[in-house]
Amino acid sequence: MKSIIGVLLCLLLIPSAFAQELSYRMEELTAPDFIEAVEKSSKTCIIPIGVFEKHGPQLPLGTDLYMSREYALRAAEEEYTVVFPWYYFSQINEARHQPGTISYSPELIWKVLQETLDELNRNGFEKIILVNGHGGNNAFLNYFGMAQLSERRNYSLYWFRPERSSEAAKKATELTQPDRFDSHAGNSETSMMEAAQPDVTHPERSEQQSGIDQERLKHLDFVYTGIWWYANFPNHYGGFGSKANAEAGELLINDTVEQLVKMIRQVKADDTVPALQEQFFNEAENPLKTKQ
């Protein structure tokens with residue numbers, strides 16, 4: 001009996017060993033835990049951005065949501081950062097002809113993102129990282145980032161822009177033998193979903209539709225037009241996913257996560273962007289006093 005009591009007393013003396021680890025998923029935090037999480041993250045938050053759109057005949061509508069959040073959660077596990085819940089208010093006008101596409105107005109996607117940033121800042125975050133999983137957001141996010149200079153902000157916005165390392169890409173290529181068209185829902189993206197969300201991935205359906213570039217605008221030189229994606233890939237499918245390989249997908253995911261972890265650490269330590277913003281906003285309020 002004495003030995004049992006002794007063990008129980010020892011357990012009471014080391015509660016930290018059995019305490020629940022602070023979650024990095026924002027939706028799982030209690031209000032008191034949230035306060036701790038803001039400090040533990042160095043006031044840094046990730047918004048993983050995706051969309052609801054067709055991904056060939058084999059991948060789910062939420063593929064970009066799954067992948068952007070997968071990157072963010074894996075990175076936050078290595079370098080503590082608060083991860084915002086599923087965010088799907090994105091630019092996807094080019095897929096409005098496909099079933100399941102949720103296409104919000106340009107005005108709404110701008111306003112929701114801006115108000116989300118403002119609210120995160122009001123709740124203590126001073127550095128916000130966007131992890132985008134949807135290629136259709138690229139032009140939007142570039143302009144949105146520049147537009148942050150339109151008025152004074154009390155936070156700094158960083159957009160994660162990974163590069164695919166030649167080593168990881170080479171190994172993935174050897175495993176999947178991707179076709180010439182390896183773009184939207186192609187072997188690479190299907191492989192990553194096979195690794196991250198195999199239960200909702202169906203590579204056996206990959207050849208039910210064509211993902212070949214239709215090249216319907218090749219007669220036009222020096223031209224950009226908003227219909228370009230529909231002109232080339234009307235099935236909203238660029239490539240083939242029939243040779244997807246989960247091992248290749250894991251290589252590609254880990255390559256991206258490694259870069260994101262490095263970025264998070266650099267962002268947390270960064271004093272330059274906040275200082276430059278402060279200087280810029282001060283000068284912008286009275287440009288005639290800006291040193292020439």
# chains A, B, ... in the order shown; residues from 1 in each chain; ligands from 1
call {"tool": "residues_around", "arguments": {"residues": "Thr81 (chain A)", "least_positions_apart": "4", "cutoff": "7 Å", "atoms": "only C-alpha atoms", "output": "list of chain:residue names"}}
result
A:Tyr24, A:Ser41, A:Thr44, A:Cys45, A:Ile46, A:Ala76
call {"tool": "write_last_selection", "arguments": {"atoms": "N, CA and C atoms", "output": "mmCIF file, in the first residue's frame"}}
result
data_model
loop_
_atom_site.group_PDB
_atom_site.id
_atom_site.type_symbol
_atom_site.label_atom_id
_atom_site.label_comp_id
_atom_site.auth_asym_id
_atom_site.auth_seq_id
_atom_site.Cartn_x
_atom_site.Cartn_y
_atom_site.Cartn_z
ATOM 1 N N TYR A 24 -1.569 23.335 -31.858
ATOM 2 C CA TYR A 24 -1.263 24.418 -32.790
ATOM 3 C C TYR A 24 -2.425 24.642 -33.754
ATOM 4 N N SER A 41 3.855 31.029 -30.075
ATOM 5 C CA SER A 41 4.109 31.105 -31.514
ATOM 6 C C SER A 41 4.920 32.334 -31.901
ATOM 7 N N THR A 44 2.852 34.551 -34.201
ATOM 8 C CA THR A 44 2.887 34.176 -35.614
ATOM 9 C C THR A 44 1.774 33.177 -35.918
ATOM 10 N N CYS A 45 1.069 33.405 -37.017
ATOM 11 C CA CYS A 45 -0.057 32.557 -37.404
ATOM 12 C C CYS A 45 0.045 32.206 -38.883
ATOM 13 N N ILE A 46 -0.384 30.996 -39.228
ATOM 14 C CA ILE A 46 -0.433 30.566 -40.627
ATOM 15 C C ILE A 46 -1.884 30.470 -41.069
ATOM 16 N N ALA A 76 4.027 23.221 -38.413
ATOM 17 C CA ALA A 76 3.740 23.703 -37.060
ATOM 18 C C ALA A 76 4.131 22.680 -36.005
#
call {"tool": "residues_around", "arguments": {"residues": "region 256-259 of chain A", "least_positions_apart": "6", "cutoff": "10 Å", "atoms": "only C-alpha atoms", "output": "PDB file with N, CA and C atoms, in the first residue's frame"}}
result
ATOM      1  N   GLU A  70      -2.097  20.477 -44.872  1.00  0.00           N
ATOM      2  CA  GLU A  70      -1.109  19.431 -44.579  1.00  0.00           C
ATOM      3  C   GLU A  70       0.276  20.037 -44.394  1.00  0.00           C
ATOM      4  N   TYR A  71       0.661  20.918 -45.324  1.00  0.00           N
ATOM      5  CA  TYR A  71       1.950  21.599 -45.196  1.00  0.00           C
ATOM      6  C   TYR A  71       2.029  22.366 -43.870  1.00  0.00           C
ATOM      7  N   ALA A  72       0.976  23.131 -43.585  1.00  0.00           N
ATOM      8  CA  ALA A  72       0.984  23.990 -42.406  1.00  0.00           C
ATOM      9  C   ALA A  72       1.047  23.183 -41.111  1.00  0.00           C
ATOM     10  N   LEU A  73       0.251  22.121 -41.021  1.00  0.00           N
ATOM     11  CA  LEU A  73       0.210  21.329 -39.795  1.00  0.00           C
ATOM     12  C   LEU A  73       1.523  20.587 -39.563  1.00  0.00           C
ATOM     13  N   ARG A  74       2.092  20.040 -40.634  1.00  0.00           N
ATOM     14  CA  ARG A  74       3.375  19.343 -40.473  1.00  0.00           C
ATOM     15  C   ARG A  74       4.468  20.317 -40.043  1.00  0.00           C
ATOM     16  N   ALA A  75       4.445  21.514 -40.614  1.00  0.00           N
ATOM     17  CA  ALA A  75       5.461  22.512 -40.259  1.00  0.00           C
ATOM     18  C   ALA A  75       5.272  22.993 -38.821  1.00  0.00           C
ATOM     19  N   ALA A  76       4.027  23.221 -38.413  1.00  0.00           N
ATOM     20  CA  ALA A  76       3.740  23.703 -37.060  1.00  0.00           C
ATOM     21  C   ALA A  76       4.131  22.680 -36.005  1.00  0.00           C
ATOM     22  N   GLU A  78       6.775  20.926 -36.156  1.00  0.00           N
ATOM     23  CA  GLU A  78       8.219  21.077 -35.980  1.00  0.00           C
ATOM     24  C   GLU A  78       8.593  22.429 -35.383  1.00  0.00           C
ATOM     25  N   PHE A 160       4.274  32.416 -48.309  1.00  0.00           N
ATOM     26  CA  PHE A 160       5.194  31.291 -48.522  1.00  0.00           C
ATOM     27  C   PHE A 160       5.241  30.935 -49.998  1.00  0.00           C
ATOM     28  N   ARG A 161       6.435  31.001 -50.593  1.00  0.00           N
ATOM     29  CA  ARG A 161       6.619  30.693 -52.010  1.00  0.00           C
ATOM     30  C   ARG A 161       7.688  29.611 -52.140  1.00  0.00           C
ATOM     31  N   PRO A 162       7.321  28.339 -52.001  1.00  0.00           N
ATOM     32  CA  PRO A 162       8.319  27.265 -52.035  1.00  0.00           C
ATOM     33  C   PRO A 162       8.876  27.027 -53.429  1.00  0.00           C
ATOM     34  N   GLU A 163      10.036  26.435 -53.454  1.00  0.00           N
ATOM     35  CA  GLU A 163      10.647  26.010 -54.701  1.00  0.00           C
ATOM     36  C   GLU A 163      10.820  24.489 -54.642  1.00  0.00           C
ATOM     37  N   ARG A 164      10.592  23.834 -55.743  1.00  0.00           N
ATOM     38  CA  ARG A 164      10.738  22.384 -55.766  1.00  0.00           C
ATOM     39  C   ARG A 164      12.210  22.042 -56.000  1.00  0.00           C
ATOM     40  N   SER A 165      12.810  21.406 -55.020  1.00  0.00           N
ATOM     41  CA  SER A 165      14.233  21.075 -55.155  1.00  0.00           C
ATOM     42  C   SER A 165      14.419  20.049 -56.261  1.00  0.00           C
ATOM     43  N   ALA A 168      14.424  16.318 -54.921  1.00  0.00           N
ATOM     44  CA  ALA A 168      13.109  15.746 -54.611  1.00  0.00           C
ATOM     45  C   ALA A 168      12.305  15.524 -55.884  1.00  0.00           C
ATOM     46  N   GLU A 250       5.066  11.708 -50.759  1.00  0.00           N
ATOM     47  CA  GLU A 250       5.679  12.005 -49.459  1.00  0.00           C
ATOM     48  C   GLU A 250       6.978  12.788 -49.643  1.00  0.00           C
TER      49      GLU A 250
END
call {"tool": "closest_residue", "arguments": {"among": "A:His134, A:His202, A:Lys111, A:Arg152", "to": "Pro274 (chain A)", "atoms": "only C-alpha atoms"}}
result
A:Arg152
call {"tool": "residues_around", "arguments": {"residues": "Met26 (chain A)", "least_positions_apart": "6", "cutoff": "7 Å", "atoms": "only C-alpha atoms", "output": "JSON, numbers by chain"}}
result
{"A": [82, 83, 84, 85]}
call {"tool": "write_last_selection", "arguments": {"atoms": "C-alpha atoms", "output": "mmCIF file, in the first residue's frame"}}
result
data_model
loop_
_atom_site.group_PDB
_atom_site.id
_atom_site.type_symbol
_atom_site.label_atom_id
_atom_site.label_comp_id
_atom_site.auth_asym_id
_atom_site.auth_seq_id
_atom_site.Cartn_x
_atom_site.Cartn_y
_atom_site.Cartn_z
ATOM 1 C CA VAL A 82 -0.854 28.669 -34.724
ATOM 2 C CA VAL A 83 -2.638 27.288 -37.806
ATOM 3 C CA PHE A 84 -5.905 28.918 -38.854
ATOM 4 C CA PRO A 85 -8.808 26.574 -39.791
#
call {"tool": "closest_atom_pairs", "arguments": {"of": "region 132-163 of chain A", "to": "region 121-128 of chain A", "cutoff": "8 Å", "atoms": "only C-alpha atoms", "output": "Markdown table"}}
result
| residue | atom | partner | partner_atom | distance |
| --- | --- | --- | --- | --- |
| A:Asn154 | CA | A:Glu126 | CA | 6.8 |
| A:Tyr155 | CA | A:Glu126 | CA | 4.3 |
| A:Ser156 | CA | A:Lys127 | CA | 5.0 |
| A:Leu157 | CA | A:Ile128 | CA | 5.1 |
| A:Tyr158 | CA | A:Ile128 | CA | 6.1 |
call {"tool": "closest_atom_pairs", "arguments": {"of": "region 29-109 of chain A", "to": "region 230-236 of chain A", "cutoff": "7 Å", "atoms": "only C-alpha atoms", "output": "tab-separated table"}}
result
residue	atom	partner	partner_atom	distance
A:Lys54	CA	A:His236	CA	6.4
A:His55	CA	A:His236	CA	6.6
A:Gly56	CA	A:His236	CA	6.3
A:Glu94	CA	A:Tyr230	CA	6.5
A:Ala95	CA	A:His236	CA	6.8
call {"tool": "write_last_selection", "arguments": {"atoms": "C-alpha atoms", "output": "PDB file, in the first residue's frame"}}
result
ATOM      1  CA  LYS A  54     -12.577  20.132 -59.673  1.00  0.00           C
ATOM      2  CA  HIS A  55      -9.291  18.236 -59.685  1.00  0.00           C
ATOM      3  CA  GLY A  56      -9.701  15.889 -62.604  1.00  0.00           C
ATOM      4  CA  GLU A  94     -11.943  29.920 -64.295  1.00  0.00           C
ATOM      5  CA  ALA A  95     -13.709  26.778 -63.011  1.00  0.00           C
TER       6      ALA A  95
END
call {"tool": "residues_around", "arguments": {"residues": "Gln208 (chain A)", "least_positions_apart": "3", "cutoff": "9 Å", "atoms": "only C-alpha atoms", "output": "PyMOL selection string"}}
result
chain A and resi 56-58+204-205
call {"tool": "write_last_selection", "arguments": {"atoms": "N, CA and C atoms", "output": "tab-separated table (two decimals), in the first residue's frame"}}
result
chain	number	residue	atom	x	y	z
A	56	GLY	N	-9.59	17.07	-61.77
A	56	GLY	CA	-9.70	15.89	-62.60
A	56	GLY	C	-10.83	15.00	-62.11
A	57	PRO	N	-10.90	13.77	-62.60
A	57	PRO	CA	-11.94	12.84	-62.16
A	57	PRO	C	-11.55	12.03	-60.92
A	58	GLN	N	-10.30	12.21	-60.45
A	58	GLN	CA	-9.79	11.32	-59.41
A	58	GLN	C	-9.55	11.96	-58.05
A	204	GLU	N	-7.26	5.43	-59.88
A	204	GLU	CA	-7.77	4.51	-60.90
A	204	GLU	C	-8.78	5.19	-61.83
A	205	ARG	N	-9.28	6.35	-61.45
A	205	ARG	CA	-10.23	7.08	-62.28
A	205	ARG	C	-9.54	8.11	-63.18
call {"tool": "atom_distance", "arguments": {"atom1": "CA of Glu77 (chain A)", "atom2": "CA of Lys170 (chain A)"}}
result
26.8 Å
call {"tool": "closest_residue", "arguments": {"among": "A:Leu22, A:Leu149, A:Ile35, A:Leu59", "to": "Asn282 (chain A)", "atoms": "only C-alpha atoms"}}
result
A:Leu149
call {"tool": "select_by_dssp", "arguments": {"residues": "region 51-231 of chain A", "states": "alpha helix (DSSP H)", "output": "PyMOL selection string"}}
result
chain A and resi 63-78+106-122+138-147+166-176+187-196+228-231
call {"tool": "write_last_selection", "arguments": {"atoms": "C-alpha atoms", "output": "mmCIF file, in the first residue's frame"}}
result
data_model
loop_
_atom_site.group_PDB
_atom_site.id
_atom_site.type_symbol
_atom_site.label_atom_id
_atom_site.label_comp_id
_atom_site.auth_asym_id
_atom_site.auth_seq_id
_atom_site.Cartn_x
_atom_site.Cartn_y
_atom_site.Cartn_z
ATOM 1 C CA THR A 63 -7.606 18.973 -52.726
ATOM 2 C CA ASP A 64 -6.010 22.407 -52.339
ATOM 3 C CA LEU A 65 -7.518 22.732 -48.867
ATOM 4 C CA TYR A 66 -6.132 19.357 -47.846
ATOM 5 C CA MET A 67 -2.653 20.101 -49.161
ATOM 6 C CA SER A 68 -2.172 23.655 -47.879
ATOM 7 C CA ARG A 69 -3.306 22.535 -44.430
ATOM 8 C CA GLU A 70 -1.109 19.431 -44.579
ATOM 9 C CA TYR A 71 1.950 21.599 -45.196
ATOM 10 C CA ALA A 72 0.984 23.990 -42.406
ATOM 11 C CA LEU A 73 0.210 21.329 -39.795
ATOM 12 C CA ARG A 74 3.375 19.343 -40.473
ATOM 13 C CA ALA A 75 5.461 22.512 -40.259
ATOM 14 C CA ALA A 76 3.740 23.703 -37.060
ATOM 15 C CA GLU A 77 4.531 20.367 -35.447
ATOM 16 C CA GLU A 78 8.219 21.077 -35.980
ATOM 17 C CA PRO A 106 -13.773 39.276 -56.252
ATOM 18 C CA GLU A 107 -15.009 41.854 -53.757
ATOM 19 C CA LEU A 108 -15.916 39.227 -51.181
ATOM 20 C CA ILE A 109 -12.685 37.224 -51.316
ATOM 21 C CA TRP A 110 -10.719 40.455 -50.871
ATOM 22 C CA LYS A 111 -12.827 41.644 -47.953
ATOM 23 C CA VAL A 112 -12.885 38.290 -46.142
ATOM 24 C CA LEU A 113 -9.105 37.914 -46.349
ATOM 25 C CA GLN A 114 -8.496 41.478 -45.201
ATOM 26 C CA GLU A 115 -10.909 41.203 -42.290
ATOM 27 C CA THR A 116 -9.415 37.846 -41.307
ATOM 28 C CA LEU A 117 -5.970 39.452 -41.127
ATOM 29 C CA ASP A 118 -7.350 42.380 -39.153
ATOM 30 C CA GLU A 119 -9.081 40.071 -36.684
ATOM 31 C CA LEU A 120 -6.002 37.908 -36.203
ATOM 32 C CA ASN A 121 -4.000 41.053 -35.514
ATOM 33 C CA ARG A 122 -6.655 42.306 -33.076
ATOM 34 C CA ASN A 138 -1.302 33.604 -57.411
ATOM 35 C CA ALA A 139 -2.175 36.833 -59.213
ATOM 36 C CA PHE A 140 -4.735 37.746 -56.542
ATOM 37 C CA LEU A 141 -2.305 37.253 -53.673
ATOM 38 C CA ASN A 142 0.460 39.194 -55.415
ATOM 39 C CA TYR A 143 -1.778 42.212 -55.773
ATOM 40 C CA PHE A 144 -3.313 41.745 -52.332
ATOM 41 C CA GLY A 145 0.168 41.759 -50.811
ATOM 42 C CA MET A 146 1.093 45.000 -52.562
ATOM 43 C CA ALA A 147 -2.226 46.544 -51.523
ATOM 44 C CA SER A 166 15.783 19.274 -58.093
ATOM 45 C CA GLU A 167 16.658 16.274 -55.910
ATOM 46 C CA ALA A 168 13.109 15.746 -54.611
ATOM 47 C CA ALA A 169 11.634 16.367 -58.051
ATOM 48 C CA LYS A 170 14.062 13.925 -59.659
ATOM 49 C CA LYS A 171 13.265 11.165 -57.185
ATOM 50 C CA ALA A 172 9.522 11.792 -57.553
ATOM 51 C CA THR A 173 9.848 11.680 -61.334
ATOM 52 C CA GLU A 174 11.632 8.331 -61.151
ATOM 53 C CA LEU A 175 8.761 6.939 -59.080
ATOM 54 C CA THR A 176 5.871 8.341 -61.118
ATOM 55 C CA ASN A 187 0.824 12.753 -61.243
ATOM 56 C CA SER A 188 2.602 15.021 -58.751
ATOM 57 C CA GLU A 189 -0.535 16.429 -57.138
ATOM 58 C CA THR A 190 -2.257 13.052 -57.177
ATOM 59 C CA SER A 191 0.830 11.499 -55.573
ATOM 60 C CA MET A 192 0.774 14.043 -52.758
ATOM 61 C CA MET A 193 -2.893 13.363 -52.116
ATOM 62 C CA GLU A 194 -2.153 9.629 -52.153
ATOM 63 C CA ALA A 195 0.328 10.297 -49.356
ATOM 64 C CA ALA A 196 -1.768 12.788 -47.379
ATOM 65 C CA TRP A 228 -6.511 31.066 -71.126
ATOM 66 C CA TRP A 229 -6.949 28.239 -68.616
ATOM 67 C CA TYR A 230 -10.340 27.228 -69.993
ATOM 68 C CA ALA A 231 -8.916 27.400 -73.506
#
